[in-house]
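The structure file data16.json is reproduced below (JSON, C-alpha atoms).
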[["chain", "number", "residue", "atom", "x", "y", "z"],
["W", 8, "MET", "CA", 17.70, -30.37, -6.19],
["W", 9, "ALA", "CA", 15.80, -30.63, -2.90],
["W", 10, "PHE", "CA", 16.39, -33.78, -0.80],
["W", 11, "ALA", "CA", 13.27, -35.92, -0.19],
["W", 12, "PHE", "CA", 13.05, -37.99, 2.99],
["W", 13, "PRO", "CA", 11.65, -41.55, 2.70],
["W", 14, "ASP", "CA", 8.15, -41.85, 4.19],
["W", 15, "SER", "CA", 9.45, -44.10, 6.99],
["W", 16, "VAL", "CA", 11.89, -41.38, 8.05],
["W", 17, "ARG", "CA", 9.51, -38.46, 7.42],
["W", 18, "ALA", "CA", 7.07, -39.78, 10.02],
["W", 19, "LEU", "CA", 9.74, -39.30, 12.71],
["W", 20, "LEU", "CA", 10.53, -35.70, 11.76],
["W", 21, "PRO", "CA", 9.00, -32.52, 13.26],
["W", 22, "ARG", "CA", 5.77, -31.48, 11.59],
["W", 23, "ARG", "CA", 7.34, -28.62, 9.64],
["W", 24, "PHE", "CA", 9.55, -31.16, 7.83],
["W", 25, "ARG", "CA", 6.73, -33.71, 7.35],
["W", 26, "ASP", "CA", 4.29, -31.28, 5.76],
["W", 27, "ARG", "CA", 4.38, -31.66, 1.98],
["W", 28, "ARG", "CA", 1.55, -29.22, 1.29],
["W", 29, "PRO", "CA", 2.40, -26.32, -1.01],
["W", 30, "ARG", "CA", 2.79, -23.19, 1.08],
["W", 31, "VAL", "CA", 1.87, -19.59, 0.23],
["W", 32, "ALA", "CA", 2.92, -16.71, 2.47],
["W", 33, "VAL", "CA", 0.21, -14.08, 2.92],
["W", 34, "VAL", "CA", 0.95, -10.45, 3.83],
["W", 35, "ARG", "CA", -1.88, -8.05, 4.66],
["W", 36, "LEU", "CA", -1.31, -4.42, 3.59],
["W", 37, "SER", "CA", -4.25, -2.45, 4.94],
["W", 38, "GLY", "CA", -4.80, 1.25, 5.65],
["W", 39, "THR", "CA", -3.66, 4.61, 4.38],
["W", 40, "ILE", "CA", -0.04, 4.93, 3.29],
["W", 41, "GLY", "CA", 2.43, 7.18, 5.09],
["W", 42, "ALA", "CA", 2.71, 8.86, 8.47],
["W", 43, "VAL", "CA", -0.81, 9.31, 9.85],
["W", 44, "SER", "CA", -0.07, 9.92, 13.54],
["W", 45, "PRO", "CA", 2.28, 8.51, 16.21],
["W", 46, "ILE", "CA", -0.61, 6.54, 17.73],
["W", 47, "ARG", "CA", -2.18, 5.46, 14.42],
["W", 48, "PRO", "CA", 0.67, 4.80, 11.98],
["W", 49, "GLY", "CA", -0.13, 4.15, 8.35],
["W", 50, "LEU", "CA", 1.55, 1.75, 5.96],
["W", 51, "SER", "CA", 5.25, 2.53, 5.54],
["W", 52, "ILE", "CA", 8.37, 0.71, 4.43],
["W", 53, "GLY", "CA", 9.56, 0.70, 8.04],
["W", 54, "GLY", "CA", 6.35, -0.93, 9.20],
["W", 55, "VAL", "CA", 6.02, -3.60, 6.52],
["W", 56, "ALA", "CA", 9.65, -4.46, 5.69],
["W", 57, "GLY", "CA", 9.87, -7.08, 8.44],
["W", 58, "SER", "CA", 6.66, -8.81, 7.34],
["W", 59, "LEU", "CA", 7.82, -8.87, 3.73],
["W", 60, "GLU", "CA", 11.22, -10.28, 4.65],
["W", 61, "ARG", "CA", 9.60, -13.05, 6.71],
["W", 62, "ALA", "CA", 7.14, -13.87, 3.93],
["W", 63, "PHE", "CA", 9.76, -14.19, 1.22],
["W", 64, "GLY", "CA", 12.10, -16.06, 3.56],
["W", 65, "MET", "CA", 9.52, -18.60, 4.72],
["W", 66, "PRO", "CA", 10.79, -22.18, 4.24],
["W", 67, "GLY", "CA", 9.13, -24.08, 1.41],
["W", 68, "VAL", "CA", 7.07, -21.13, 0.21],
["W", 69, "LYS", "CA", 5.85, -21.34, -3.41],
["W", 70, "ALA", "CA", 4.49, -17.80, -3.76],
["W", 71, "VAL", "CA", 3.74, -14.64, -1.79],
["W", 72, "ALA", "CA", 0.20, -13.25, -1.73],
["W", 73, "LEU", "CA", -0.54, -9.62, -0.87],
["W", 74, "LEU", "CA", -3.94, -8.77, 0.61],
["W", 75, "ILE", "CA", -4.35, -5.09, -0.27],
["W", 76, "ASN", "CA", -6.95, -2.73, 1.15],
["W", 77, "SER", "CA", -5.69, 0.84, 0.81],
["W", 78, "PRO", "CA", -7.03, 4.14, -0.57],
["W", 79, "GLY", "CA", -3.46, 5.39, -1.09],
["W", 80, "GLY", "CA", -1.44, 8.11, 0.61],
["W", 81, "SER", "CA", 2.24, 9.01, 0.47],
["W", 82, "PRO", "CA", 3.75, 8.56, -3.03],
["W", 83, "ALA", "CA", 7.22, 8.02, -1.54],
["W", 84, "GLN", "CA", 6.15, 5.28, 0.88],
["W", 85, "SER", "CA", 4.03, 3.63, -1.83],
["W", 86, "HIS", "CA", 7.04, 3.58, -4.16],
["W", 87, "LEU", "CA", 9.40, 2.31, -1.45],
["W", 88, "ILE", "CA", 7.06, -0.58, -0.60],
["W", 89, "HIS", "CA", 6.63, -1.35, -4.32],
["W", 90, "ARG", "CA", 10.39, -1.45, -4.85],
["W", 91, "ARG", "CA", 11.00, -3.66, -1.81],
["W", 92, "ILE", "CA", 8.42, -6.21, -3.00],
["W", 93, "ARG", "CA", 9.98, -6.30, -6.47],
["W", 94, "ALA", "CA", 13.49, -6.64, -5.06],
["W", 95, "LEU", "CA", 12.53, -9.55, -2.80],
["W", 96, "SER", "CA", 10.57, -11.25, -5.58],
["W", 97, "GLU", "CA", 13.55, -11.13, -7.91],
["W", 98, "GLU", "CA", 16.05, -12.07, -5.20],
["W", 99, "LYS", "CA", 14.06, -15.10, -3.99],
["W", 100, "ARG", "CA", 12.64, -15.92, -7.44],
["W", 101, "LEU", "CA", 9.14, -16.13, -6.06],
["W", 102, "PRO", "CA", 5.93, -15.08, -7.83],
["W", 103, "VAL", "CA", 3.78, -12.41, -6.18],
["W", 104, "ILE", "CA", 0.00, -12.27, -6.47],
["W", 105, "ALA", "CA", -1.95, -9.25, -5.20],
["W", 106, "PHE", "CA", -5.54, -9.65, -4.03],
["W", 107, "VAL", "CA", -7.60, -6.46, -3.85],
["W", 108, "GLU", "CA", -10.20, -6.39, -1.08],
["W", 109, "ASP", "CA", -12.25, -3.18, -0.75],
["W", 110, "VAL", "CA", -9.90, -0.83, -2.56],
["W", 111, "ALA", "CA", -6.46, -0.53, -4.14],
["W", 112, "ALA", "CA", -6.44, 3.08, -5.25],
["W", 113, "SER", "CA", -3.66, 5.57, -5.94],
["W", 114, "GLY", "CA", -0.67, 4.44, -3.85],
["W", 115, "GLY", "CA", -2.56, 1.25, -3.02],
["W", 116, "TYR", "CA", -2.69, 0.43, -6.72],
["W", 117, "MET", "CA", 0.99, 1.32, -7.08],
["W", 118, "ILE", "CA", 1.76, -1.35, -4.46],
["W", 119, "ALA", "CA", -0.54, -3.83, -6.22],
["W", 120, "CYS", "CA", 1.47, -3.28, -9.40],
["W", 121, "ALA", "CA", 4.49, -4.79, -7.66],
["W", 122, "ALA", "CA", 2.74, -8.16, -8.04],
["W", 123, "ASP", "CA", 3.08, -10.36, -11.09],
["W", 124, "GLU", "CA", -0.70, -10.75, -11.10],
["W", 125, "ILE", "CA", -3.56, -8.72, -9.64],
["W", 126, "VAL", "CA", -6.80, -10.44, -8.62],
["W", 127, "ALA", "CA", -9.76, -8.33, -7.50],
["W", 128, "ASP", "CA", -13.24, -8.95, -6.22],
["W", 129, "PRO", "CA", -15.83, -7.86, -8.81],
["W", 130, "THR", "CA", -16.93, -5.09, -6.42],
["W", 131, "SER", "CA", -13.42, -3.92, -5.46],
["W", 132, "ILE", "CA", -12.40, -0.37, -6.35],
["W", 133, "VAL", "CA", -9.12, 0.02, -8.27],
["W", 134, "GLY", "CA", -7.27, 2.77, -10.09],
["W", 135, "SER", "CA", -7.05, 6.43, -9.12],
["W", 136, "ILE", "CA", -3.75, 6.71, -11.02],
["W", 137, "GLY", "CA", -3.08, 10.36, -10.31],
["W", 138, "VAL", "CA", -1.71, 12.87, -7.81],
["W", 139, "VAL", "CA", -3.67, 15.16, -5.51],
["W", 140, "SER", "CA", -2.81, 17.87, -2.99],
["W", 141, "SER", "CA", -5.44, 19.51, -0.82],
["W", 142, "GLY", "CA", -5.67, 21.93, 2.05],
["W", 143, "PHE", "CA", -7.52, 24.98, 3.38],
["W", 144, "GLY", "CA", -7.10, 28.72, 3.02],
["W", 145, "PHE", "CA", -7.52, 30.82, 6.15],
["W", 146, "HIS", "CA", -6.61, 34.18, 4.66],
["W", 147, "GLY", "CA", -8.38, 36.89, 6.60],
["W", 148, "LEU", "CA", -9.32, 34.68, 9.54],
["W", 149, "LEU", "CA", -6.48, 35.80, 11.82],
["W", 150, "GLU", "CA", -7.25, 39.45, 11.16],
["W", 151, "LYS", "CA", -10.85, 38.91, 12.18],
["W", 152, "LEU", "CA", -9.65, 37.21, 15.36],
["W", 153, "GLY", "CA", -7.22, 40.02, 16.12],
["W", 154, "VAL", "CA", -4.17, 37.75, 15.78],
["W", 155, "GLU", "CA", -0.97, 38.89, 14.10],
["W", 156, "ARG", "CA", 1.07, 36.13, 12.46],
["W", 157, "ARG", "CA", 4.83, 36.59, 12.01],
["W", 158, "VAL", "CA", 6.85, 34.44, 9.60],
["W", 159, "HIS", "CA", 10.53, 34.95, 8.81],
["W", 160, "THR", "CA", 12.27, 32.79, 6.21],
["W", 161, "GLN", "CA", 15.50, 32.41, 4.32],
["W", 162, "GLY", "CA", 14.50, 31.29, 0.85],
["W", 163, "GLU", "CA", 11.58, 32.75, -1.08],
["W", 164, "ALA", "CA", 9.81, 29.39, -1.42],
["W", 165, "LYS", "CA", 10.18, 28.34, 2.21],
["W", 166, "SER", "CA", 6.61, 29.30, 3.14],
["W", 167, "MET", "CA", 5.08, 27.98, -0.07],
["W", 168, "LEU", "CA", 1.28, 27.59, 0.07],
["W", 169, "ASP", "CA", 1.03, 29.12, 3.51],
["W", 170, "PRO", "CA", -2.69, 28.67, 4.36],
["W", 171, "PHE", "CA", -2.78, 32.02, 6.17],
["W", 172, "ARG", "CA", -1.68, 34.00, 3.13],
["W", 173, "PRO", "CA", -3.46, 34.64, -0.17],
["W", 174, "GLU", "CA", -2.69, 31.88, -2.66],
["W", 175, "ASP", "CA", 0.36, 32.78, -4.76],
["W", 176, "PRO", "CA", 0.12, 31.72, -8.45],
["W", 177, "ALA", "CA", 3.88, 31.04, -8.41],
["W", 178, "ASP", "CA", 3.41, 28.59, -5.53],
["W", 179, "VAL", "CA", 0.61, 26.83, -7.38],
["W", 180, "GLU", "CA", 2.72, 26.54, -10.51],
["W", 181, "ARG", "CA", 5.61, 25.10, -8.51],
["W", 182, "LEU", "CA", 3.28, 22.56, -6.89],
["W", 183, "LYS", "CA", 1.88, 21.52, -10.27],
["W", 184, "ARG", "CA", 5.40, 20.87, -11.56],
["W", 185, "ILE", "CA", 6.04, 18.60, -8.56],
["W", 186, "GLN", "CA", 2.74, 16.80, -9.13],
["W", 187, "ALA", "CA", 3.51, 16.36, -12.83],
["W", 188, "ASP", "CA", 6.86, 14.75, -12.00],
["W", 189, "VAL", "CA", 5.27, 12.31, -9.53],
["W", 190, "GLN", "CA", 2.48, 11.55, -12.02],
["W", 191, "ASP", "CA", 5.06, 10.83, -14.72],
["W", 192, "LEU", "CA", 6.77, 8.29, -12.44],
["W", 193, "PHE", "CA", 3.42, 6.72, -11.48],
["W", 194, "THR", "CA", 2.27, 6.46, -15.10],
["W", 195, "GLY", "CA", 5.59, 4.98, -16.22],
["W", 196, "LEU", "CA", 5.54, 2.42, -13.40],
["W", 197, "VAL", "CA", 2.00, 1.25, -14.18],
["W", 198, "THR", "CA", 2.69, 1.09, -17.92],
["W", 199, "ALA", "CA", 5.84, -0.97, -17.36],
["W", 200, "ARG", "CA", 4.19, -3.39, -14.93],
["W", 201, "ARG", "CA", 0.89, -3.68, -16.80],
["W", 202, "PRO", "CA", 1.81, -4.14, -20.50],
["W", 203, "THR", "CA", -1.71, -5.37, -21.34],
["W", 204, "LEU", "CA", -3.41, -2.08, -20.45],
["W", 205, "ALA", "CA", -6.22, -1.18, -22.83],
["W", 206, "ARG", "CA", -5.50, 1.71, -25.17],
["W", 207, "THR", "CA", -9.15, 2.53, -25.74],
["W", 208, "GLU", "CA", -9.31, 5.18, -23.02],
["W", 209, "ASN", "CA", -7.06, 7.28, -20.81],
["W", 210, "LEU", "CA", -6.53, 5.32, -17.61],
["W", 211, "PHE", "CA", -4.34, 7.99, -15.98],
["W", 212, "THR", "CA", -6.95, 10.61, -15.12],
["W", 213, "GLY", "CA", -7.36, 9.62, -11.47],
["W", 214, "ALA", "CA", -10.61, 7.78, -12.23],
["W", 215, "VAL", "CA", -11.52, 4.52, -10.47],
["W", 216, "TRP", "CA", -13.26, 1.37, -11.63],
["W", 217, "THR", "CA", -14.82, -1.71, -10.05],
["W", 218, "GLY", "CA", -12.90, -4.94, -10.33],
["W", 219, "ARG", "CA", -15.30, -6.17, -12.99],
["W", 220, "GLN", "CA", -14.84, -2.97, -15.04],
["W", 221, "ALA", "CA", -11.06, -3.04, -14.53],
["W", 222, "LEU", "CA", -10.60, -6.55, -15.94],
["W", 223, "PRO", "CA", -11.12, -5.74, -19.67],
["W", 224, "LEU", "CA", -9.03, -2.58, -19.20],
["W", 225, "GLY", "CA", -6.03, -4.64, -18.09],
["W", 226, "LEU", "CA", -5.83, -3.03, -14.66],
["W", 227, "VAL", "CA", -6.36, -6.47, -13.07],
["W", 228, "ASP", "CA", -5.74, -9.98, -14.37],
["W", 229, "ALA", "CA", -8.62, -11.90, -12.84],
["W", 230, "LEU", "CA", -11.62, -11.72, -10.54],
["W", 231, "GLY", "CA", -11.71, -13.79, -7.38],
["W", 232, "ASP", "CA", -10.42, -14.16, -3.85],
["W", 233, "LEU", "CA", -7.31, -15.48, -2.12],
["W", 234, "ARG", "CA", -8.57, -18.89, -0.98],
["W", 235, "THR", "CA", -10.29, -19.84, -4.22],
["W", 236, "ALA", "CA", -7.47, -18.63, -6.46],
["W", 237, "MET", "CA", -4.70, -20.28, -4.47],
["W", 238, "ARG", "CA", -6.59, -23.58, -4.26],
["W", 239, "ALA", "CA", -7.11, -23.54, -8.00],
["W", 240, "ARG", "CA", -3.40, -22.95, -8.56],
["W", 241, "PHE", "CA", -1.74, -25.05, -5.86],
["W", 242, "GLY", "CA", -4.41, -27.61, -4.98],
["W", 243, "GLU", "CA", -7.02, -28.07, -2.27],
["W", 244, "THR", "CA", -4.36, -28.69, 0.41],
["W", 245, "VAL", "CA", -2.50, -25.39, -0.09],
["W", 246, "ASP", "CA", -1.19, -24.00, 3.19],
["W", 247, "LEU", "CA", -1.96, -20.26, 3.41],
["W", 248, "ARG", "CA", 0.35, -18.79, 6.05],
["W", 249, "LEU", "CA", -0.56, -15.28, 7.22],
["W", 250, "VAL", "CA", 2.53, -13.31, 8.23],
["W", 251, "ALA", "CA", 1.66, -11.23, 11.31],
["W", 252, "GLU", "CA", 2.13, -7.47, 11.10],
["W", 253, "ALA", "CA", 5.07, -6.12, 13.05],
["W", 254, "ARG", "CA", 3.50, -2.76, 13.94],
["W", 255, "GLY", "CA", 1.87, -4.05, 17.12],
["W", 256, "GLY", "CA", -1.22, -2.80, 18.88],
["W", 257, "LEU", "CA", -1.93, 0.54, 20.54],
["W", 258, "VAL", "CA", -0.44, -0.47, 23.91],
["W", 259, "SER", "CA", 2.83, -1.71, 22.44],
["W", 260, "ARG", "CA", 3.20, 1.42, 20.32],
["W", 261, "LEU", "CA", 2.62, 3.61, 23.38],
["W", 262, "LEU", "CA", 5.21, 1.65, 25.35],
["W", 263, "ARG", "CA", 7.74, 2.13, 22.55],
["W", 264, "ARG", "CA", 7.04, 5.87, 22.73],
["W", 265, "GLY", "CA", 7.67, 5.81, 26.48],
["W", 266, "GLY", "CA", 4.37, 6.49, 28.21],
["W", 267, "ALA", "CA", 0.63, 6.81, 28.19],
["W", 268, "PRO", "CA", -1.05, 9.13, 25.67],
["W", 269, "GLY", "CA", -1.81, 12.69, 26.65],
["W", 270, "GLY", "CA", -4.57, 14.88, 25.36],
["W", 271, "ILE", "CA", -2.61, 15.97, 22.29],
["W", 272, "GLU", "CA", -1.73, 12.39, 21.35],
["W", 273, "LEU", "CA", -5.33, 11.25, 21.76],
["W", 274, "ALA", "CA", -6.55, 14.19, 19.68],
["W", 275, "GLU", "CA", -3.98, 13.34, 16.98],
["W", 276, "GLY", "CA", -5.13, 9.73, 16.98],
["W", 277, "ALA", "CA", -8.78, 10.75, 16.67],
["W", 278, "MET", "CA", -8.01, 13.16, 13.83],
["W", 279, "ALA", "CA", -5.95, 10.49, 12.08],
["W", 280, "ALA", "CA", -8.83, 8.03, 12.36],
["W", 281, "VAL", "CA", -11.20, 10.61, 10.86],
["W", 282, "ALA", "CA", -8.73, 11.36, 8.04],
["W", 283, "GLU", "CA", -8.31, 7.66, 7.26],
["W", 284, "ARG", "CA", -12.07, 7.16, 7.28],
["W", 285, "ALA", "CA", -12.45, 10.10, 4.89],
["W", 286, "ALA", "CA", -9.84, 8.58, 2.56],
["W", 287, "PHE", "CA", -11.83, 5.35, 2.31],
["W", 288, "ALA", "CA", -15.12, 7.28, 2.06],
["W", 289, "ARG", "CA", -13.92, 8.89, -1.19],
["W", 290, "TYR", "CA", -14.55, 5.52, -2.79],
["W", 291, "GLY", "CA", -17.93, 4.93, -1.19],
["W", 292, "LEU", "CA", -16.52, 2.63, 1.50]]

Show how you would write the structure in this file as structure tokens.
Amino acid sequence: MAFAFPDSVRALLPRRFRDRRPRVAVVRLSGTIGAVSPIRPGLSIGGVAGSLERAFGMPGVKAVALLINSPGGSPAQSHLIHRRIRALSEEKRLPVIAFVEDVAASGGYMIACAADEIVADPTSIVGSIGVVSSGFGFHGLLEKLGVERRVHTQGEAKSMLDPFRPEDPADVERLKRIQADVQDLFTGLVTARRPTLARTENLFTGAVWTGRQALPLGLVDALGDLRTAMRARFGETVDLRLVAEARGGLVSRLLRRGGAPGGIELAEGAMAAVAERAAFARYGL
């Protein structure tokens, strides 16, 4: 049982001990998931683990809120972040509420499913429970340019889906088996975490819905926003504490890498920004 100081004593204590307001730790998870570029890193377990640990370890915290705005990305990093949130929630015995901003799609929705409840804006985009792989085929381009490409491997599948060779049906079949395995894990995770899913339609086709459409399907639990929902639950005086991201800005990331960016690094950063923008644009954002 927690010890309560008398009011006469509490007035003499530092503010953090005097404050009786219910406290909710808030963690923002925004961007594509996985390694985007050295200059523009995406969401990863390495990047968010510190913020999650601080949120769940915050003194006097009553719940942890996740502000999610992600079109998805790496299945592995999505799953690792999901597992870490669940582990901390169970270890600290704290409820987790996810709030969807613009989008929680694919891996972003997988992370949202780590929460005990999902709240979305009526216009948020959620879902995209599926797996996708994409690329380009440049077969014939090198020959037209007069360039000879030489590849030597040990292992017949080592150069699988080489974009400079004709597409091999065996490679495609192997890729589809990998996708099916990841999709099976994704489907099982969502089904386990969302037992109230509607059975009236197949929700695992990769389709997306607005928050308002997702509510009767069981993909989300309520419509709303962080401030309104937390005030309704914990009272008007609830203390919403945003946990700062540990990734740092561009300058600090460059210093950690040991120098100023060169042309290649800047080009990688620009390409990563375009790729991230394209990921959000898939959902009309």

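In this structure, atom CA of Ala205 of chain W sits 4.8 Å away from atom CA of Leu224 of chain W.
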
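One distance worth recording is that between atom CA of Pro129 of chain W and atom CA of Thr198 of chain W, which is 22.5 Å.
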
Do you know which residues are at most 7 Å from segment 229-231 of chain W counting only C-alpha atoms, after dropping those on the same chain fewer than 4 positions away, and could you put them as number ranges by chain? W: 125-129, 218, 222, 235-236

Taking 4 positions as the minimum chain separation for residues in the same chain, which residues sit within 8 Å of Gly134 of chain W when counting all atoms listed in the file? Answer as a CSV table (one decimal) with C-alpha atoms, in the frame of the given file.
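Once everything was written out, this is around.csv:
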chain,number,residue,atom,x,y,z
W,111,ALA,CA,-6.5,-0.5,-4.1
W,112,ALA,CA,-6.4,3.1,-5.2
W,113,SER,CA,-3.7,5.6,-5.9
W,116,TYR,CA,-2.7,0.4,-6.7
W,210,LEU,CA,-6.5,5.3,-17.6
W,213,GLY,CA,-7.4,9.6,-11.5
W,214,ALA,CA,-10.6,7.8,-12.2
W,215,VAL,CA,-11.5,4.5,-10.5
W,216,TRP,CA,-13.3,1.4,-11.6
W,226,LEU,CA,-5.8,-3.0,-14.7

Using all atoms listed in the file - which residues lie no farther than 8 Å from the point (0.0, -8.8, 0.2) in the file's frame? Write them as a PyMOL selection string. chain W and resi 33-36+71-75+104-106

Non-local contacts of Thr212 of chain W (8 Å; all atoms listed in the file; under 4 positions in same chain excluded) as number ranges by chain: W: 135-137

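Of the listed residues (W:Val139, W:Val103, W:Ala239, W:Leu148), W:Val103 comes nearest to Lys69 of chain W; the distances count all atoms listed in the file.
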
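We find atom CA of Ile40 of chain W and atom CA of Arg172 of chain W to be spaced 29.1 Å apart.
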
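Between Val107 of chain W and the residues W:Pro202, W:Lys183, W:His159, W:Cys120, the shortest atom-to-atom distance, using all atoms listed in the file, involves W:Cys120.
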
Using all atoms of segment 171-184 of chain W listed in the file and a margin of 4 Å per side, can you give the axis-aligned box centre and edge lengths in Å to one decimal, as lines of an AutoDock Vina configuration file?
center_x = 1.1
center_y = 27.8
center_z = -2.7
size_x = 17.1
size_y = 21.8
size_z = 25.7

Counting only C-alpha atoms, which residues come within 10 Å of (7.9, -5.5, -4.6), with the point read in the file's coordinates, and could you list them as number ranges by chain? W: 59, 86-97, 103, 118-123

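The residue that comes closest to Val189 of chain W, out of W:Gly114, W:Ala251, W:Lys99, W:Ser37 and on the basis of all atoms listed in the file, is W:Gly114.
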
If we count only C-alpha atoms and set the cut-off at 8 Å, which residues sit around Ala70 of chain W, ignoring sequence neighbours fewer than 5 positions away in its own chain? Please answer as number ranges by chain. W: 30-32, 101-104

Please complete segment 214-221 of chain W so it has all heavy atoms, and hand it over as a short mmCIF file (atom, residue, chain, number, x, y, z; two decimals), in the frame of the given file.
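Resulting contents of result_10.cif:
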data_model
loop_
_atom_site.label_atom_id
_atom_site.label_comp_id
_atom_site.auth_asym_id
_atom_site.auth_seq_id
_atom_site.Cartn_x
_atom_site.Cartn_y
_atom_site.Cartn_z
N ALA W 214 -9.32 8.46 -12.34
CA ALA W 214 -10.61 7.78 -12.23
C ALA W 214 -10.44 6.41 -11.58
O ALA W 214 -9.34 5.85 -11.54
CB ALA W 214 -11.25 7.63 -13.61
N VAL W 215 -11.54 5.86 -11.07
CA VAL W 215 -11.52 4.52 -10.47
C VAL W 215 -12.57 3.65 -11.16
O VAL W 215 -13.51 4.15 -11.79
CB VAL W 215 -11.80 4.57 -8.95
CG1 VAL W 215 -10.70 5.31 -8.23
CG2 VAL W 215 -13.16 5.20 -8.65
N TRP W 216 -12.37 2.34 -11.02
CA TRP W 216 -13.26 1.37 -11.63
C TRP W 216 -13.52 0.24 -10.64
O TRP W 216 -12.72 0.01 -9.73
CB TRP W 216 -12.64 0.77 -12.89
CG TRP W 216 -12.43 1.74 -14.00
CD1 TRP W 216 -13.28 2.02 -15.03
CD2 TRP W 216 -11.28 2.60 -14.19
NE1 TRP W 216 -12.74 2.98 -15.85
CE2 TRP W 216 -11.52 3.35 -15.36
CE3 TRP W 216 -10.09 2.79 -13.50
CZ2 TRP W 216 -10.60 4.27 -15.85
CZ3 TRP W 216 -9.17 3.71 -13.97
CH2 TRP W 216 -9.43 4.45 -15.14
N THR W 217 -14.62 -0.49 -10.82
CA THR W 217 -14.82 -1.71 -10.05
C THR W 217 -13.90 -2.79 -10.61
O THR W 217 -13.39 -2.66 -11.74
CB THR W 217 -16.28 -2.19 -10.14
OG1 THR W 217 -16.56 -2.58 -11.51
CG2 THR W 217 -17.26 -1.12 -9.71
N GLY W 218 -13.73 -3.85 -9.84
CA GLY W 218 -12.90 -4.94 -10.33
C GLY W 218 -13.42 -5.50 -11.64
O GLY W 218 -12.63 -5.80 -12.55
N ARG W 219 -14.73 -5.62 -11.77
CA ARG W 219 -15.30 -6.17 -12.99
C ARG W 219 -15.06 -5.23 -14.18
O ARG W 219 -14.80 -5.69 -15.31
CB ARG W 219 -16.80 -6.41 -12.80
CG ARG W 219 -17.44 -7.18 -13.94
CD ARG W 219 -18.79 -7.73 -13.57
NE ARG W 219 -19.76 -6.68 -13.28
CZ ARG W 219 -21.05 -6.92 -13.07
NH1 ARG W 219 -21.49 -8.17 -13.11
NH2 ARG W 219 -21.88 -5.93 -12.81
N GLN W 220 -15.13 -3.92 -13.96
CA GLN W 220 -14.84 -2.97 -15.04
C GLN W 220 -13.35 -2.94 -15.37
O GLN W 220 -12.96 -2.72 -16.52
CB GLN W 220 -15.29 -1.57 -14.61
CG GLN W 220 -16.79 -1.39 -14.47
CD GLN W 220 -17.15 -0.05 -13.83
OE1 GLN W 220 -16.39 0.50 -13.03
NE2 GLN W 220 -18.32 0.49 -14.18
N ALA W 221 -12.51 -3.15 -14.34
CA ALA W 221 -11.06 -3.04 -14.53
C ALA W 221 -10.47 -4.21 -15.30
O ALA W 221 -9.41 -4.08 -15.91
CB ALA W 221 -10.38 -2.94 -13.15
#
